[in-house]
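Structure file target.cif (mmCIF, C-alpha atoms) is printed below.
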```
data_protein
loop_
_atom_site.label_atom_id
_atom_site.label_comp_id
_atom_site.auth_asym_id
_atom_site.auth_seq_id
_atom_site.Cartn_x
_atom_site.Cartn_y
_atom_site.Cartn_z
CA MET J 1 0.00 0.00 0.00
CA ASN J 2 1.23 3.46 -0.83
CA ALA J 3 2.20 5.15 2.43
CA LYS J 4 1.42 8.58 1.03
CA LEU J 5 -2.13 9.75 1.70
CA ASP J 6 -4.17 10.33 -1.44
CA THR J 7 -4.46 14.11 -1.52
CA THR J 8 -8.06 13.93 -2.74
CA VAL J 9 -9.37 11.78 0.10
CA THR J 10 -10.16 14.67 2.45
CA THR J 11 -12.10 16.62 -0.16
CA ARG J 12 -14.10 13.87 -1.86
CA PRO J 13 -17.89 14.14 -1.52
CA VAL J 14 -19.32 12.02 1.29
CA THR J 15 -22.90 10.84 1.82
CA ARG J 16 -24.88 8.69 4.22
CA GLN J 17 -23.70 5.70 2.15
CA THR J 18 -20.11 6.52 3.11
CA PHE J 19 -21.00 5.60 6.69
CA ASP J 20 -21.92 2.09 5.58
CA GLU J 21 -18.65 1.77 3.69
CA VAL J 22 -16.04 3.00 6.17
CA LEU J 23 -17.43 3.09 9.73
CA VAL J 24 -17.92 0.23 12.16
CA PRO J 25 -21.70 -0.34 12.10
CA THR J 26 -22.39 0.29 15.77
CA TYR J 27 -25.05 2.86 14.84
CA ALA J 28 -27.87 3.15 12.31
CA PRO J 29 -27.91 6.89 11.63
CA ALA J 30 -30.67 8.74 9.84
CA ALA J 31 -30.65 9.01 6.06
CA MET J 32 -29.94 12.74 6.16
CA VAL J 33 -26.54 14.15 7.14
CA PRO J 34 -26.55 17.41 9.16
CA VAL J 35 -23.88 19.89 8.07
CA ARG J 36 -24.65 23.15 9.89
CA GLY J 37 -26.33 24.26 13.08
CA ALA J 38 -27.27 27.42 14.98
CA GLY J 39 -29.23 27.34 18.21
CA LEU J 40 -32.00 24.76 17.74
CA ASP J 41 -31.80 24.97 13.94
CA LEU J 42 -30.02 22.39 11.76
CA TRP J 43 -29.54 22.05 8.02
CA ASP J 44 -28.64 18.89 6.11
CA GLN J 45 -26.55 18.33 2.97
CA ASN J 46 -29.53 19.20 0.79
CA GLY J 47 -30.21 22.46 2.60
CA LYS J 48 -33.33 21.15 4.35
CA HIS J 49 -34.05 22.81 7.70
CA TYR J 50 -34.83 20.90 10.90
CA LEU J 51 -35.94 21.97 14.36
CA ASP J 52 -33.66 20.04 16.71
CA PHE J 53 -35.41 18.79 19.85
CA THR J 54 -32.61 16.31 20.63
CA SER J 55 -29.68 18.65 21.39
CA GLY J 56 -27.42 15.72 20.59
CA ILE J 57 -29.08 13.58 23.31
CA ALA J 58 -29.19 16.36 25.93
CA VAL J 59 -25.69 17.60 25.07
CA ALA J 60 -25.91 20.92 23.20
CA SER J 61 -27.94 22.58 25.95
CA LEU J 62 -26.86 26.06 24.90
CA GLY J 63 -27.66 25.26 21.28
CA HIS J 64 -25.46 24.56 18.30
CA CYS J 65 -22.53 26.93 17.77
CA ASN J 66 -23.40 29.04 20.81
CA PRO J 67 -21.45 32.30 20.35
CA ALA J 68 -20.06 32.42 23.90
CA VAL J 69 -18.85 28.82 23.68
CA VAL J 70 -17.38 29.35 20.21
CA GLU J 71 -15.50 32.42 21.45
CA ALA J 72 -14.12 30.58 24.49
CA LEU J 73 -12.99 27.58 22.44
CA THR J 74 -11.40 29.77 19.78
CA ARG J 75 -9.56 31.84 22.36
CA GLN J 76 -8.20 28.77 24.12
CA ALA J 77 -7.34 27.06 20.83
CA ASN J 78 -5.01 29.95 20.15
CA THR J 79 -3.47 29.73 23.64
CA LEU J 80 -2.84 26.16 24.87
CA TRP J 81 -4.34 22.83 23.85
CA HIS J 82 -2.88 19.96 25.80
CA LEU J 83 -0.49 19.03 28.60
CA GLY J 84 0.46 15.66 30.00
CA ASN J 85 -0.96 14.83 33.41
CA GLY J 86 2.39 15.65 34.98
CA TYR J 87 1.15 19.25 34.77
CA THR J 88 -2.02 21.08 35.68
CA ASN J 89 -3.48 24.12 33.92
CA GLU J 90 -5.37 27.28 34.78
CA PRO J 91 -8.68 26.45 33.04
CA VAL J 92 -9.10 23.13 34.84
CA LEU J 93 -8.30 24.72 38.19
CA ARG J 94 -10.95 27.37 37.57
CA LEU J 95 -13.49 24.74 36.46
CA ALA J 96 -12.90 22.53 39.48
CA THR J 97 -13.22 25.52 41.79
CA ALA J 98 -16.46 26.62 40.16
CA LEU J 99 -18.04 23.15 40.27
CA THR J 100 -17.11 22.48 43.88
CA GLU J 101 -18.39 25.88 44.98
CA ALA J 102 -21.67 25.26 43.15
CA THR J 103 -22.30 21.77 44.57
CA PHE J 104 -21.88 19.56 47.64
CA ALA J 105 -18.49 18.41 46.41
CA ASP J 106 -14.98 19.32 47.55
CA ARG J 107 -13.06 17.61 44.75
CA ALA J 108 -13.39 16.99 41.03
CA PHE J 109 -11.90 14.48 38.60
CA PHE J 110 -12.16 15.21 34.89
CA CYS J 111 -12.30 12.74 32.02
CA ASN J 112 -13.80 12.62 28.54
CA SER J 113 -17.27 11.08 28.76
CA GLY J 114 -20.09 9.97 31.01
CA ALA J 115 -18.92 6.37 30.84
CA GLU J 116 -15.48 7.37 32.07
CA ALA J 117 -16.99 9.50 34.83
CA ASN J 118 -19.06 6.54 36.02
CA GLU J 119 -16.07 4.21 35.68
CA ALA J 120 -14.11 6.55 37.95
CA ALA J 121 -16.99 6.73 40.43
CA LEU J 122 -17.34 2.95 40.63
CA LYS J 123 -13.58 2.45 40.96
CA LEU J 124 -13.49 5.03 43.74
CA ALA J 125 -16.32 3.27 45.57
CA ARG J 126 -14.62 -0.14 45.33
CA LYS J 127 -11.25 1.28 46.40
CA TYR J 128 -12.74 3.21 49.32
CA ALA J 129 -14.66 0.19 50.61
CA HIS J 130 -11.65 -2.10 50.19
CA THR J 131 -9.44 0.33 52.09
CA LYS J 132 -11.88 1.10 54.91
CA PHE J 133 -13.78 -2.15 55.36
CA GLY J 134 -11.94 -4.89 53.49
CA ALA J 135 -12.21 -6.80 50.22
CA HIS J 136 -15.56 -8.41 51.14
CA LYS J 137 -17.37 -5.07 50.71
CA SER J 138 -17.37 -4.95 46.94
CA ARG J 139 -20.90 -5.51 45.64
CA ILE J 140 -22.46 -2.78 43.46
CA VAL J 141 -26.21 -2.24 43.29
CA SER J 142 -27.81 -0.57 40.29
CA CYS J 143 -31.25 -0.51 38.68
CA TYR J 144 -32.73 -2.45 35.83
CA GLN J 145 -33.18 -0.36 32.66
CA SER J 146 -30.54 2.10 33.77
CA PHE J 147 -27.75 3.37 31.57
CA HIS J 148 -24.29 4.30 32.83
CA GLY J 149 -22.04 4.00 29.77
CA ARG J 150 -20.58 1.52 27.30
CA THR J 151 -17.37 0.32 28.93
CA LEU J 152 -17.64 -3.31 29.98
CA PHE J 153 -17.85 -2.27 33.63
CA THR J 154 -20.47 0.46 33.17
CA VAL J 155 -22.59 -1.44 30.67
CA SER J 156 -22.71 -4.36 33.10
CA VAL J 157 -23.84 -2.01 35.84
CA GLY J 158 -26.51 -0.64 33.50
CA GLY J 159 -28.88 -3.55 33.90
CA GLN J 160 -29.97 -3.89 30.25
CA SER J 161 -29.10 -7.32 28.88
CA LYS J 162 -29.38 -6.15 25.26
CA TYR J 163 -26.16 -4.19 25.79
CA THR J 164 -24.19 -7.02 27.43
CA GLU J 165 -25.12 -10.05 25.32
CA GLY J 166 -22.06 -11.50 23.63
CA PHE J 167 -19.59 -9.66 25.86
CA GLU J 168 -19.51 -12.22 28.67
CA PRO J 169 -17.97 -12.95 31.08
CA LEU J 170 -19.13 -9.76 32.76
CA PRO J 171 -17.58 -8.14 35.84
CA PRO J 172 -18.85 -9.87 38.99
CA ALA J 173 -20.52 -8.60 42.16
CA ILE J 174 -23.12 -6.43 40.43
CA GLU J 175 -26.80 -6.71 41.36
CA HIS J 176 -29.85 -4.95 40.00
CA VAL J 177 -33.04 -3.76 41.64
CA THR J 178 -36.29 -2.43 40.23
CA TYR J 179 -36.30 1.34 39.80
CA ASN J 180 -38.59 3.14 42.25
CA ASP J 181 -39.21 -0.12 44.18
CA ILE J 182 -38.24 0.46 47.81
CA GLU J 183 -38.66 -3.16 48.89
CA SER J 184 -36.44 -4.34 46.03
CA ALA J 185 -33.74 -1.93 47.23
CA ARG J 186 -34.05 -3.00 50.85
CA ALA J 187 -33.66 -6.65 49.90
CA ALA J 188 -30.48 -5.98 47.91
CA ILE J 189 -28.53 -3.41 49.91
CA GLY J 190 -26.61 -5.16 52.67
CA ASP J 191 -23.31 -4.74 54.48
CA ASP J 192 -21.30 -6.16 51.56
CA VAL J 193 -22.43 -3.38 49.19
CA CYS J 194 -19.80 -0.77 48.40
CA ALA J 195 -21.93 1.44 46.16
CA VAL J 196 -25.44 2.12 44.91
CA ILE J 197 -25.55 3.95 41.59
CA VAL J 198 -28.77 5.49 40.32
CA GLU J 199 -30.04 8.03 37.81
CA PRO J 200 -32.37 10.44 39.62
CA LEU J 201 -34.13 10.63 36.25
CA GLN J 202 -33.74 7.62 33.97
CA GLY J 203 -33.15 8.65 30.38
CA GLU J 204 -32.41 5.66 28.14
CA GLY J 205 -34.66 3.53 30.33
CA GLY J 206 -37.77 5.42 29.22
CA VAL J 207 -37.56 8.93 30.72
CA VAL J 208 -38.71 7.76 34.14
CA PRO J 209 -38.43 10.21 37.06
CA GLY J 210 -37.21 8.89 40.38
CA ASP J 211 -39.67 8.86 43.27
CA LYS J 212 -38.34 11.02 46.08
CA ALA J 213 -39.18 8.33 48.64
CA PHE J 214 -37.18 5.76 46.67
CA LEU J 215 -34.13 7.99 46.31
CA GLN J 216 -34.33 8.95 49.99
CA GLU J 217 -34.46 5.26 50.93
CA LEU J 218 -31.33 4.64 48.87
CA ARG J 219 -29.64 7.50 50.73
CA ASP J 220 -30.70 6.09 54.10
CA LEU J 221 -29.67 2.53 53.23
CA CYS J 222 -26.26 3.68 52.05
CA THR J 223 -25.74 5.68 55.22
CA LYS J 224 -26.77 2.68 57.32
CA THR J 225 -24.56 0.13 55.54
CA GLY J 226 -21.54 2.30 54.77
CA ALA J 227 -22.12 2.11 51.02
CA LEU J 228 -21.58 5.12 48.80
CA LEU J 229 -24.50 6.67 46.93
CA ILE J 230 -23.62 7.64 43.36
CA PHE J 231 -25.97 9.88 41.39
CA ASP J 232 -25.47 9.55 37.65
CA GLU J 233 -26.45 12.99 36.36
CA VAL J 234 -24.84 12.62 32.97
CA GLN J 235 -28.19 13.34 31.30
CA SER J 236 -30.19 15.07 34.05
CA GLY J 237 -27.48 17.48 35.17
CA MET J 238 -26.30 20.92 34.03
CA GLY J 239 -29.66 22.66 34.23
CA ARG J 240 -31.71 20.08 32.34
CA THR J 241 -34.39 19.92 35.05
CA GLY J 242 -34.31 23.57 36.10
CA ASP J 243 -31.72 23.17 38.86
CA LEU J 244 -28.00 22.96 38.18
CA PHE J 245 -28.14 19.29 39.17
CA HIS J 246 -31.25 17.22 39.81
CA TYR J 247 -30.18 16.12 43.31
CA MET J 248 -30.83 19.73 44.31
CA THR J 249 -34.47 19.36 43.24
CA TYR J 250 -34.92 16.43 45.63
CA GLY J 251 -32.76 17.79 48.43
CA ILE J 252 -30.95 14.42 48.59
CA THR J 253 -27.17 14.62 48.52
CA PRO J 254 -25.10 11.79 47.04
CA ASP J 255 -21.55 10.87 47.99
CA ILE J 256 -20.43 10.97 44.37
CA LEU J 257 -21.98 12.69 41.36
CA THR J 258 -21.13 12.18 37.71
CA ALA J 259 -21.67 14.66 34.88
CA ALA J 260 -20.85 14.88 31.18
CA LYS J 261 -23.03 15.52 28.10
CA ALA J 262 -24.13 19.17 28.55
CA LEU J 263 -21.04 20.02 30.60
CA GLY J 264 -19.15 20.62 27.35
CA ASN J 265 -22.09 21.50 25.07
CA GLY J 266 -20.66 19.01 22.57
CA TYR J 267 -16.97 19.24 23.44
CA PRO J 268 -16.02 15.92 25.09
CA ILE J 269 -15.68 16.21 28.86
CA GLY J 270 -16.89 14.27 31.89
CA ALA J 271 -16.60 14.94 35.60
CA MET J 272 -16.77 13.01 38.85
CA LEU J 273 -17.51 15.12 41.91
CA THR J 274 -17.01 13.91 45.46
CA THR J 275 -15.93 14.84 48.98
CA ASP J 276 -12.50 15.38 50.52
CA GLU J 277 -12.71 12.17 52.53
CA LEU J 278 -13.52 9.97 49.55
CA ALA J 279 -11.14 11.70 47.15
CA LYS J 280 -8.18 10.79 49.33
CA THR J 281 -8.74 7.16 48.34
CA LEU J 282 -7.55 7.82 44.79
CA GLY J 283 -3.96 8.77 45.47
CA VAL J 284 -1.26 9.41 42.90
CA GLY J 285 -1.20 6.69 40.25
CA THR J 286 -4.45 4.94 41.20
CA HIS J 287 -6.47 6.35 38.31
CA GLY J 288 -5.93 8.65 35.35
CA THR J 289 -6.66 9.73 31.80
CA THR J 290 -4.63 11.29 29.02
CA TYR J 291 -7.07 13.93 27.80
CA GLY J 292 -9.18 14.53 30.89
CA GLY J 293 -9.23 18.12 32.09
CA ASN J 294 -7.24 19.48 29.16
CA PRO J 295 -7.29 23.27 28.71
CA LEU J 296 -9.64 23.19 25.71
CA ALA J 297 -12.31 21.07 27.40
CA ALA J 298 -12.03 22.90 30.71
CA THR J 299 -12.36 26.31 29.07
CA VAL J 300 -15.50 25.27 27.20
CA ALA J 301 -17.05 23.65 30.28
CA LEU J 302 -16.37 26.69 32.45
CA THR J 303 -18.15 28.89 29.91
CA VAL J 304 -21.11 26.50 29.82
CA LEU J 305 -21.29 26.31 33.61
CA ASP J 306 -21.06 30.08 33.99
CA THR J 307 -23.89 30.53 31.49
CA ILE J 308 -26.25 27.93 32.93
CA ASN J 309 -25.66 28.45 36.65
CA GLN J 310 -27.41 31.81 36.78
CA PRO J 311 -30.76 32.37 38.56
CA ALA J 312 -32.38 34.01 35.55
CA PHE J 313 -31.24 31.27 33.16
CA LEU J 314 -32.48 28.45 35.39
CA ALA J 315 -35.75 30.29 36.02
CA ARG J 316 -36.32 30.44 32.27
CA VAL J 317 -35.59 26.69 32.00
CA LYS J 318 -38.35 26.04 34.54
CA GLU J 319 -40.69 28.34 32.65
CA ALA J 320 -39.94 26.63 29.33
CA SER J 321 -40.30 23.22 31.00
CA ALA J 322 -43.79 24.06 32.23
CA LYS J 323 -44.74 25.34 28.76
CA LEU J 324 -43.42 22.24 27.00
CA ARG J 325 -45.11 19.87 29.44
CA SER J 326 -48.50 21.57 29.22
CA THR J 327 -48.23 21.65 25.43
CA MET J 328 -47.36 17.96 25.25
CA GLU J 329 -50.10 17.03 27.73
CA LYS J 330 -52.62 18.70 25.43
CA LEU J 331 -51.16 16.80 22.46
CA VAL J 332 -51.39 13.50 24.35
CA ALA J 333 -55.02 14.22 25.23
CA ASP J 334 -55.81 14.99 21.60
CA TYR J 335 -54.03 11.85 20.35
CA SER J 336 -55.07 9.43 23.06
CA GLN J 337 -55.03 6.56 20.57
CA VAL J 338 -51.26 7.12 20.20
CA PHE J 339 -50.00 8.30 23.60
CA THR J 340 -50.92 7.51 27.19
CA LEU J 341 -48.98 10.09 29.19
CA VAL J 342 -46.12 12.56 29.45
CA ARG J 343 -43.42 11.84 32.00
CA GLY J 344 -40.02 13.15 32.92
CA ALA J 345 -38.74 16.37 34.45
CA GLY J 346 -37.68 19.76 33.20
CA LEU J 347 -36.73 19.76 29.54
CA LEU J 348 -36.34 15.99 29.40
CA LEU J 349 -39.77 14.55 28.63
CA GLY J 350 -41.05 11.24 27.30
CA LEU J 351 -44.28 10.62 25.42
CA VAL J 352 -45.34 7.05 26.19
CA VAL J 353 -47.22 5.22 23.45
CA THR J 354 -50.38 3.18 23.92
CA ASP J 355 -50.59 -0.59 23.64
CA GLY J 356 -51.91 -0.18 20.12
CA TRP J 357 -48.79 1.75 19.12
CA LYS J 358 -46.22 -0.31 21.01
CA GLY J 359 -42.93 -0.67 19.19
CA ARG J 360 -43.65 2.36 17.00
CA SER J 361 -41.70 5.18 18.64
CA LYS J 362 -39.11 4.89 15.86
CA ASP J 363 -41.84 5.26 13.25
CA ILE J 364 -43.02 8.46 14.94
CA GLN J 365 -39.45 9.72 15.03
CA ARG J 366 -39.03 9.11 11.29
CA ALA J 367 -42.34 10.76 10.44
CA ALA J 368 -41.37 13.84 12.46
CA GLU J 369 -37.97 13.98 10.77
CA ALA J 370 -39.62 13.89 7.34
CA ASN J 371 -41.53 16.99 8.40
CA GLY J 372 -38.45 18.81 9.68
CA LEU J 373 -38.39 17.88 13.36
CA MET J 374 -35.67 15.91 15.14
CA VAL J 375 -36.77 13.98 18.25
CA LEU J 376 -35.33 11.06 20.19
CA ILE J 377 -36.65 7.71 21.33
CA ALA J 378 -36.11 5.93 24.63
CA GLY J 379 -36.73 2.33 23.74
CA MET J 380 -39.39 1.45 21.19
CA ASP J 381 -42.31 2.77 23.25
CA VAL J 382 -41.27 6.29 24.23
CA VAL J 383 -40.67 9.41 22.14
CA ARG J 384 -38.12 11.56 23.98
CA LEU J 385 -37.83 15.34 23.84
CA ALA J 386 -34.60 16.99 25.01
CA PRO J 387 -34.36 20.44 23.42
CA ALA J 388 -31.61 22.92 24.16
CA LEU J 389 -32.27 24.85 27.35
CA ILE J 390 -32.54 28.06 25.31
CA VAL J 391 -35.72 26.82 23.60
CA THR J 392 -38.31 29.54 22.96
CA ASP J 393 -42.09 29.44 23.32
CA ALA J 394 -42.35 29.79 19.55
CA GLN J 395 -40.18 26.69 19.07
CA ILE J 396 -42.32 24.76 21.55
CA ALA J 397 -45.40 25.72 19.52
CA GLU J 398 -43.60 24.58 16.37
CA VAL J 399 -42.71 21.15 17.78
CA ASP J 400 -46.39 20.76 18.68
CA ARG J 401 -47.45 21.69 15.15
CA ILE J 402 -45.01 19.30 13.47
CA LEU J 403 -45.81 16.40 15.78
CA ARG J 404 -49.53 16.85 15.09
CA LEU J 405 -48.87 17.01 11.36
CA SER J 406 -46.76 13.86 11.55
CA LEU J 407 -49.25 11.92 13.65
CA ASP J 408 -52.14 12.91 11.36
CA GLY J 409 -50.16 11.59 8.40
CA MET J 410 -49.48 8.28 10.14
CA ILE J 411 -53.08 7.87 11.28
CA ASN J 412 -54.51 8.70 7.84
CA ALA J 413 -52.10 6.28 6.18
CA ALA J 414 -53.09 3.40 8.45
#
```
Target format structure tokens, applied to this file:
Amino acid sequence: MNAKLDTTVTTRPVTRQTFDEVLVPTYAPAAMVPVRGAGLDLWDQNGKHYLDFTSGIAVASLGHCNPAVVEALTRQANTLWHLGNGYTNEPVLRLATALTEATFADRAFFCNSGAEANEAALKLARKYAHTKFGAHKSRIVSCYQSFHGRTLFTVSVGGQSKYTEGFEPLPPAIEHVTYNDIESARAAIGDDVCAVIVEPLQGEGGVVPGDKAFLQELRDLCTKTGALLIFDEVQSGMGRTGDLFHYMTYGITPDILTAAKALGNGYPIGAMLTTDELAKTLGVGTHGTTYGGNPLAATVALTVLDTINQPAFLARVKEASAKLRSTMEKLVADYSQVFTLVRGAGLLLGLVVTDGWKGRSKDIQRAAEANGLMVLIAGMDVVRLAPALIVTDAQIAEVDRILRLSLDGMINAA
């Protein structure tokens, strides 16, 4: 093979078919290819416009190409990109300070994704329990239908067999309980448990909000048994529910919190937040990452955090959340043959389909896309809405219009 790169390869036209030719087929992307974005607006290769109510799966919470984020990234790109972890840098020190001052935490660890943040949290919990109590205290309790990442460790903790089949043997000492089932949690959480990890609002599992009594019971059981409570706020955090993090809504404080997705508004970054006492467990050399906390990512995340963590911004998120929910509840009532209810919190909502429409959330997604609206699914029975936090009332009215148009087309074609 000629070692010299073909000079035309980087400028050749590419299409959706190119994906099938050169990428590992771990995804089945839409037929259209987005090429440009601004706020909640996207345009594909053919110039067609879409209203984006996915924000990259709750990632671009300040919208595509947010001017403040673009300016921060550009400024840092012209200053300093990367350092080995034998050095620290000013942006990451500022970001860690801002996050710890805004939350229960005293310490932060930065990585590149939600999976890595959860991996760090689970490793910390195992190491802490091993050091303080002994090797017998190693069991991890999670919930069925949860989602904590795609590493072998985190996908095993996730409790969805469809993601672990064929990857056995799986890491041991992991048990699952039923989400929002207090008795299931009580039966599982004993003295040999080192950690309980839970999403205060399940996303991939169907946009299911956590019952406060269930989450409080997890907190109490962890306190009683010496286990650590980990809140996975990769999807629910960074203003998504109207508070900076969703644990604040409940008034239930975890021992460890993980964040990612919206923290970088699309620039890869994850964070694990914890206390002084627990952080001491991970001494020099016990854990690490090459890219985590690099100046580029930290600069972007600090800009995102500074924008979101403002009273007026979060108040508007709550206002928009109430508007979106009431609008969707009216849609559900008008299309009761299709949907049964709206559930979720803040600007992360799920429209649950009826028995007669089971398995058809993907069909609804495709019909909406054909009419210029991008939505998500959460399984085959839930249509998920996760717009950028800057969504306007006019855009909420537009999503309602397009969904109605799409549903009418599907019903009339049946």
Discussion item. Under the rule that all atoms listed in the file are counted, which of J:Thr275, J:Gln145, J:Asn309, J:Gln395 is the nearest residue to Thr100 in chain J?
Written reply: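 That would be J:Thr275, the residue with the smallest distance to Thr100 in chain J.
Evaluating the PyMOL selection byres ((chain J and resi 380) around 12) against the shown model yields Glu204, Gly205, Gly206, Gly350, Leu351, Val352, Val353, Thr354, Asp355, Trp357, Lys358, Gly359, Arg360, Ser361, Lys362, Asp363, Ile364, Gln365, Leu376, Ile377, Ala378, Gly379, Asp381, Val382, Val383 and Arg384 of chain J.
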Worksheet entry | Spatial neighbours of Thr307 in chain J, 9 Å, all atoms listed in the file, chain gap at least 4 places, as a PyMOL selection string | chain J and resi 62+68+302-303+313
Given the selection you just returned, output its residues as a file containing C-alpha atoms, formatted as a short mmCIF file (atom, residue, chain, number, x, y, z; two decimals), keeping the file's coordinate frame.
```cif
data_model
loop_
_atom_site.label_atom_id
_atom_site.label_comp_id
_atom_site.auth_asym_id
_atom_site.auth_seq_id
_atom_site.Cartn_x
_atom_site.Cartn_y
_atom_site.Cartn_z
CA LEU J 62 -26.86 26.06 24.90
CA ALA J 68 -20.06 32.42 23.90
CA LEU J 302 -16.37 26.69 32.45
CA THR J 303 -18.15 28.89 29.91
CA PHE J 313 -31.24 31.27 33.16
#
```
Worksheet item: So what does the PyMOL selection byres ((chain J and resi 136) around 10) actually pick up in this one, as a ChimeraX atom specification?
Response: /J:129-130,133-135,137-139,191-194
Item to complete: Pick out the closest residue to Asn294 in chain J from this set: J:His176, J:His64, J:His82, J:Lys48. Count all atoms listed in the file.
Response: J:His82
